[in-house]
Amino acid sequence: MIQLNIKQNYFRKLAILFTVILIFFLSSCRQATSNYQSRFVVSTPSDTSTFNYPLNQSAYSVFGYIYEGLIIENGVTGELEPALAESWEVSEDEQTIVITLKKDLKWSDGEPLTVDDVVFSYNKIYLNDKIPSSVKDILRIGKSGALPTVKKIDNLRVEFSTPEPFAPFLRYAGGLNILPAHVLKESVSTTNSEGELNYLTKWGTDTPVTEIVGNGMYRLKSYAPNQRIILEKNPFYWREDDQGNNLPYIENIVWQVIENTDNQLLNFRSGKLDTIKVAAEMFPLLKREENRGKYTIYNGGPTSTSSFICFNINQGKNAQGKPLVDPIKSRWFNNKAFRQAMAYGINREAMTNNIYRGLGAPQYSPIPVTSPFYLSPEEGLKIYNYDPEKAKKLLLSAGFKYNQNGELLDSEGNQVEFTLLSSAGRKVREQMATQINQDLAKLGIKINMQFLSFNTYVRKLTLSKDWDAYLGGFTGGSIEPHGGYNIWSVNGRLHTFNQGPQPGDEKIEGWKVNDWEQQIDDLYIQASQVFDEDKRKEFYGQAQQIIAEELPFIYMVNPLEFDAIRNRIKGINYTELSGGFWNLYELQISD
């Protein structure tokens, strides 16, 4: 009997131990499942090039997750609403804005975020001539290029003022990301052995992620170069829900580097990604699998991004006296008839139907068709329907000729041949490049394609500047066209077709600006100086007419934009203006 009790006690203890282990195991499983459910995985075709926001020139970055400005656009209406700001007041002459901050704001390291950070961000970084940032271009006011002044009023209020009227001022004064003075102030007041600000090498991709401080919904958790960035919820983010719970709800964002669009598709179909931009060639397959794959495809309407080919018309020389562009090719590229012939020689309609499956339309303007400032062909915008015979006549009238093999020669007998750059891994761009090559071959032109990784491609365009032509695009911005002024300003950092010398760059000898370039610059300035919407549309309309005539960019196709998003992402309020994640802070994940 005693022996039986011992066995019973043994088995009872064993059962208790097993139960404890089972509870622990189930708890761990629940925790792991919870972590998985609270992980949102997105893809990017290119790794980040820097963790320093003002120095970034890439379209691919995580700054939207880790930073926030004083004011943001509502994703539904496009109206401005408070972010870090509590409120703002605009003077009667609209040249002074006083912004009041929310109380008790903090950085992602727990330090207080104050008016001093706002003043520091603008005066020491964005408006600093020693820091090469394209942000400064859109803040310049009038022909003088004057910059706004920013000063502290008290611990919660900051004053922005301009020397003359500037219509987009509120949007830009409040929209730039605020940066942490307590981390960065030393780097903007000290220099290296070459006399350059230490800030210019601050927060590169070799910086430990714990040193990167932000104020947005998330902060950096880990970084594996060319693989992924994992972001974690910022415990000091200011937003709360109605019950007082800290937002966002989603604990982690995984920013997965997948360069090739085919691989992005495979990862999405296998469930490894929670969302994907649906390229035209993906649409039929993904639409069929929508229910089985447990996702929804949202139609965002015509995209606000642009795609184009651009010829390098820079006639300058580098510091060693070497022309940036071969002088023979430069004569072609600077000939308007040559550029117009290229535009007539590219079959956009076939590109729309074959590459984009008819889900789009030919594009002729940098301003999206959804913008109130868009100039339509009916209103006078010049367009270039496919007409190879007209293209050939333009070339012949400009002094070009054909040899017995049908090859295009210039007036001096040089064969017309150039290299077209593009970023690698993007299937649509590769297909566009193939068609452009085929179309222009019919005009007797030889194109050598060169596909580069995205960051190498950007460096080639903006730093060395020794390229012939490139196939590229600009991502969409706000509904305010002045956001593109850094493209159209003759001194802008994105004025790629004739890039002038920038602060910190080597000298460019012989760089000159065409009259039509200056006219576009002037029209953008004039549009920014009036508040009457009809007058602004008139100025932007004139700029679009010059752009369509001179063709610094030969635009390709304006496709419809589609996003596939997993149904387990709850709270999606998809809009054509902002897509599906403008309200990321209130989205939740639930299976």
# chains A, B, ... in the order shown; residues from 1 in each chain; ligands from 1
$ residues_around --residues "range 200-205 of chain A" --least-positions-apart "3" --cutoff "8 Å" --atoms "only C-alpha atoms" --output "ChimeraX atom specification"
/A:48-52,55,131,187,196-197,212,225
$ write_last_selection --atoms "C-alpha atoms" --output "tab-separated table (two decimals), in the first residue's frame"
chain	number	residue	atom	x	y	z
A	48	THR	CA	18.66	52.20	-47.69
A	49	SER	CA	21.64	54.37	-48.66
A	50	THR	CA	21.80	56.31	-45.38
A	51	PHE	CA	20.07	56.78	-42.03
A	52	ASN	CA	20.59	60.54	-42.32
A	55	LEU	CA	21.21	63.69	-46.97
A	131	ILE	CA	24.68	70.72	-45.78
A	187	SER	CA	28.17	67.16	-35.54
A	196	GLU	CA	33.88	69.37	-43.68
A	197	LEU	CA	31.10	69.21	-41.14
A	212	ILE	CA	19.59	56.47	-34.59
A	225	PRO	CA	22.77	45.26	-45.00
$ residues_around --residues "Trp516 in chain A" --least-positions-apart "6" --cutoff "10 Å" --atoms "only C-alpha atoms" --output "PyMOL selection string"
chain A and resi 522+543+546-547+549-550
$ select_by_dssp --residues "range 206-288 of chain A" --states "strand (DSSP E)" --output "list in words"
Tyr218, Arg219, Leu220, Lys221, Ser222, Tyr223, Ala224, Arg228, Ile229, Ile230, Leu231, Glu232, Lys233, Asn252, Ile253, Val254, Trp255, Gln256, Val257, Thr275, Ile276 and Lys277 of chain A
$ residues_around --residues "Ile230 in chain A" --least-positions-apart "2" --cutoff "9 Å" --atoms "only C-alpha atoms" --output "list in words"
Arg219, Leu220, Lys221, Ser222, Tyr223, Ala224, Arg228, Glu232, Asn252, Ile253, Val254, Trp255 and Gln256 of chain A
$ write_last_selection --atoms "N, CA and C atoms" --output "mmCIF file, in the first residue's frame"
data_model
loop_
_atom_site.group_PDB
_atom_site.id
_atom_site.type_symbol
_atom_site.label_atom_id
_atom_site.label_comp_id
_atom_site.auth_asym_id
_atom_site.auth_seq_id
_atom_site.Cartn_x
_atom_site.Cartn_y
_atom_site.Cartn_z
ATOM 1 N N ARG A 219 11.082 52.769 -34.221
ATOM 2 C CA ARG A 219 12.513 53.037 -34.128
ATOM 3 C C ARG A 219 13.249 51.803 -34.630
ATOM 4 N N LEU A 220 14.494 51.980 -35.039
ATOM 5 C CA LEU A 220 15.263 50.879 -35.602
ATOM 6 C C LEU A 220 15.598 49.845 -34.537
ATOM 7 N N LYS A 221 15.396 48.585 -34.882
ATOM 8 C CA LYS A 221 15.726 47.486 -33.971
ATOM 9 C C LYS A 221 16.953 46.723 -34.447
ATOM 10 N N SER A 222 17.012 46.449 -35.760
ATOM 11 C CA SER A 222 18.181 45.754 -36.319
ATOM 12 C C SER A 222 18.301 46.059 -37.798
ATOM 13 N N TYR A 223 19.515 45.895 -38.303
ATOM 14 C CA TYR A 223 19.789 46.158 -39.712
ATOM 15 C C TYR A 223 20.787 45.143 -40.239
ATOM 16 N N ALA A 224 20.382 44.407 -41.256
ATOM 17 C CA ALA A 224 21.275 43.483 -41.961
ATOM 18 C C ALA A 224 21.435 44.035 -43.377
ATOM 19 N N ARG A 228 17.576 43.201 -44.674
ATOM 20 C CA ARG A 228 16.341 43.718 -44.061
ATOM 21 C C ARG A 228 16.649 44.721 -42.966
ATOM 22 N N GLU A 232 10.883 48.472 -34.509
ATOM 23 C CA GLU A 232 10.019 48.141 -33.388
ATOM 24 C C GLU A 232 9.210 49.366 -32.976
ATOM 25 N N ASN A 252 5.960 45.398 -34.852
ATOM 26 C CA ASN A 252 7.196 45.381 -35.657
ATOM 27 C C ASN A 252 6.896 45.531 -37.143
ATOM 28 N N ILE A 253 7.783 46.260 -37.811
ATOM 29 C CA ILE A 253 7.773 46.354 -39.267
ATOM 30 C C ILE A 253 9.056 45.701 -39.774
ATOM 31 N N VAL A 254 8.919 44.792 -40.730
ATOM 32 C CA VAL A 254 10.095 44.181 -41.372
ATOM 33 C C VAL A 254 10.173 44.738 -42.789
ATOM 34 N N TRP A 255 11.255 45.440 -43.062
ATOM 35 C CA TRP A 255 11.498 46.087 -44.356
ATOM 36 C C TRP A 255 12.483 45.204 -45.106
ATOM 37 N N GLN A 256 11.950 44.324 -45.957
ATOM 38 C CA GLN A 256 12.720 43.258 -46.580
ATOM 39 C C GLN A 256 13.247 43.689 -47.945
#
$ residues_around --residues "Ala59 in chain A" --least-positions-apart "3" --cutoff "12 Å" --atoms "only C-alpha atoms" --output "list in words"
Thr44, Pro45, Ser46, Asp47, Thr48, Ser49, Thr50, Tyr53, Asn56, Val62, Phe63, Gly64, Thr305, Phe454, Asn455, Val458, Gly472, Gly473, Phe474, Thr475, Gly476 and Gly477 of chain A
$ write_last_selection --atoms "all heavy atoms" --output "short mmCIF file (atom, residue, chain, number, x, y, z; two decimals), in the first residue's frame"
data_model
loop_
_atom_site.label_atom_id
_atom_site.label_comp_id
_atom_site.auth_asym_id
_atom_site.auth_seq_id
_atom_site.Cartn_x
_atom_site.Cartn_y
_atom_site.Cartn_z
N THR A 44 11.18 46.04 -50.34
CA THR A 44 11.77 47.21 -51.00
C THR A 44 12.74 46.70 -52.06
O THR A 44 13.45 45.72 -51.82
CB THR A 44 12.51 48.11 -49.99
OG1 THR A 44 13.23 49.14 -50.71
CG2 THR A 44 13.51 47.32 -49.16
N PRO A 45 12.80 47.34 -53.24
CA PRO A 45 13.73 46.88 -54.27
C PRO A 45 15.16 47.31 -54.03
O PRO A 45 16.06 46.87 -54.75
CB PRO A 45 13.17 47.51 -55.55
CG PRO A 45 12.46 48.73 -55.07
CD PRO A 45 11.89 48.39 -53.73
N SER A 46 15.38 48.16 -53.03
CA SER A 46 16.75 48.64 -52.79
C SER A 46 16.95 48.88 -51.31
O SER A 46 16.05 49.32 -50.60
CB SER A 46 17.00 49.94 -53.55
OG SER A 46 18.28 50.47 -53.24
N ASP A 47 18.16 48.59 -50.86
CA ASP A 47 18.52 48.87 -49.48
C ASP A 47 18.59 50.38 -49.26
O ASP A 47 18.72 51.16 -50.20
CB ASP A 47 19.88 48.24 -49.17
CG ASP A 47 20.17 48.16 -47.68
OD1 ASP A 47 19.27 48.46 -46.88
OD2 ASP A 47 21.31 47.78 -47.33
N THR A 48 18.50 50.79 -48.00
CA THR A 48 18.66 52.20 -47.69
C THR A 48 20.10 52.63 -47.97
O THR A 48 21.04 51.83 -47.83
CB THR A 48 18.30 52.48 -46.21
OG1 THR A 48 18.32 53.89 -45.97
CG2 THR A 48 19.28 51.80 -45.26
N SER A 49 20.29 53.88 -48.38
CA SER A 49 21.64 54.37 -48.66
C SER A 49 22.20 55.15 -47.48
O SER A 49 23.42 55.39 -47.42
CB SER A 49 21.62 55.27 -49.90
OG SER A 49 20.76 56.38 -49.71
N THR A 50 21.36 55.56 -46.55
CA THR A 50 21.80 56.31 -45.38
C THR A 50 20.68 56.31 -44.34
O THR A 50 19.52 56.06 -44.67
CB THR A 50 22.13 57.77 -45.76
OG1 THR A 50 22.56 58.49 -44.60
CG2 THR A 50 20.93 58.49 -46.35
N TYR A 53 18.40 61.48 -42.77
CA TYR A 53 17.28 61.90 -43.61
C TYR A 53 17.59 63.07 -44.55
O TYR A 53 17.32 62.99 -45.76
CB TYR A 53 16.07 62.22 -42.73
CG TYR A 53 14.96 62.97 -43.43
CD1 TYR A 53 14.20 62.37 -44.41
CD2 TYR A 53 14.70 64.31 -43.10
CE1 TYR A 53 13.18 63.06 -45.06
CE2 TYR A 53 13.69 65.01 -43.74
CZ TYR A 53 12.94 64.39 -44.72
OH TYR A 53 11.95 65.09 -45.36
N ASN A 56 19.56 62.06 -47.66
CA ASN A 56 19.04 60.97 -48.47
C ASN A 56 18.63 61.45 -49.86
O ASN A 56 17.99 62.49 -50.01
CB ASN A 56 17.83 60.33 -47.78
CG ASN A 56 17.23 59.22 -48.61
OD1 ASN A 56 17.90 58.25 -48.94
ND2 ASN A 56 15.96 59.37 -48.97
N VAL A 62 13.42 54.23 -44.79
CA VAL A 62 12.50 53.95 -43.68
C VAL A 62 12.16 55.22 -42.90
O VAL A 62 11.59 55.15 -41.83
CB VAL A 62 13.11 52.91 -42.71
CG1 VAL A 62 13.24 51.56 -43.39
CG2 VAL A 62 14.45 53.38 -42.16
N PHE A 63 12.49 56.38 -43.46
CA PHE A 63 12.29 57.61 -42.70
C PHE A 63 10.83 57.88 -42.37
O PHE A 63 10.52 58.51 -41.37
CB PHE A 63 12.90 58.79 -43.46
CG PHE A 63 14.38 58.66 -43.65
CD1 PHE A 63 14.94 58.62 -44.91
CD2 PHE A 63 15.23 58.54 -42.56
CE1 PHE A 63 16.31 58.48 -45.10
CE2 PHE A 63 16.60 58.40 -42.72
CZ PHE A 63 17.14 58.37 -43.99
N GLY A 64 9.92 57.44 -43.23
CA GLY A 64 8.49 57.63 -42.95
C GLY A 64 8.02 56.89 -41.71
O GLY A 64 7.02 57.28 -41.10
N THR A 305 3.34 59.07 -59.72
CA THR A 305 4.76 58.96 -60.08
C THR A 305 4.93 59.18 -61.58
O THR A 305 3.96 59.16 -62.34
CB THR A 305 5.32 57.59 -59.70
OG1 THR A 305 4.61 56.58 -60.44
CG2 THR A 305 5.16 57.32 -58.21
N PHE A 454 20.31 50.06 -57.66
CA PHE A 454 19.67 51.36 -57.55
C PHE A 454 20.60 52.43 -56.96
O PHE A 454 20.71 53.54 -57.48
CB PHE A 454 18.40 51.27 -56.70
CG PHE A 454 17.64 52.57 -56.62
CD1 PHE A 454 16.83 52.97 -57.67
CD2 PHE A 454 17.77 53.40 -55.52
CE1 PHE A 454 16.16 54.18 -57.62
CE2 PHE A 454 17.09 54.62 -55.47
CZ PHE A 454 16.28 55.00 -56.52
N ASN A 455 21.29 52.11 -55.87
CA ASN A 455 22.15 53.11 -55.23
C ASN A 455 23.33 53.49 -56.11
O ASN A 455 23.75 54.64 -56.15
CB ASN A 455 22.62 52.61 -53.86
CG ASN A 455 21.49 52.58 -52.84
OD1 ASN A 455 20.52 53.34 -52.96
ND2 ASN A 455 21.60 51.71 -51.85
N VAL A 458 21.95 55.85 -58.77
CA VAL A 458 21.74 57.21 -58.26
C VAL A 458 23.06 57.96 -58.16
O VAL A 458 23.16 59.13 -58.53
CB VAL A 458 21.01 57.18 -56.91
CG1 VAL A 458 20.99 58.56 -56.26
CG2 VAL A 458 19.59 56.67 -57.08
N GLY A 472 14.28 56.48 -65.97
CA GLY A 472 14.03 56.59 -64.54
C GLY A 472 12.65 57.12 -64.24
O GLY A 472 11.73 57.05 -65.06
N GLY A 473 12.51 57.70 -63.06
CA GLY A 473 11.23 58.25 -62.65
C GLY A 473 11.36 58.97 -61.33
O GLY A 473 12.36 58.82 -60.62
N PHE A 474 10.34 59.75 -61.01
CA PHE A 474 10.27 60.41 -59.72
C PHE A 474 9.01 59.93 -59.01
O PHE A 474 7.95 59.79 -59.64
CB PHE A 474 10.23 61.93 -59.88
CG PHE A 474 11.52 62.53 -60.39
CD1 PHE A 474 11.55 63.28 -61.55
CD2 PHE A 474 12.70 62.33 -59.69
CE1 PHE A 474 12.74 63.83 -62.01
CE2 PHE A 474 13.90 62.87 -60.15
CZ PHE A 474 13.91 63.62 -61.31
N THR A 475 9.15 59.67 -57.73
CA THR A 475 8.00 59.23 -56.96
C THR A 475 7.04 60.37 -56.75
O THR A 475 7.42 61.54 -56.75
CB THR A 475 8.43 58.68 -55.59
OG1 THR A 475 9.19 59.69 -54.90
CG2 THR A 475 9.29 57.45 -55.75
N GLY A 476 5.77 60.05 -56.55
CA GLY A 476 4.75 61.07 -56.35
C GLY A 476 4.88 61.75 -55.01
O GLY A 476 5.39 61.19 -54.05
N GLY A 477 4.42 62.96 -54.93
CA GLY A 477 4.44 63.71 -53.68
C GLY A 477 3.06 64.20 -53.33
O GLY A 477 2.06 63.53 -53.58
#
$ residues_around --residues "Gly571 in chain A" --least-positions-apart "5" --cutoff "8 Å" --atoms "only C-alpha atoms" --output "list of chain:residue names"
A:Glu586, A:Leu587, A:Gln588
$ closest_residue --among "A:Pro284, A:Pro377, A:Pro552, A:Pro372" --to "Arg357 in chain A" --atoms "only C-alpha atoms"
A:Pro284
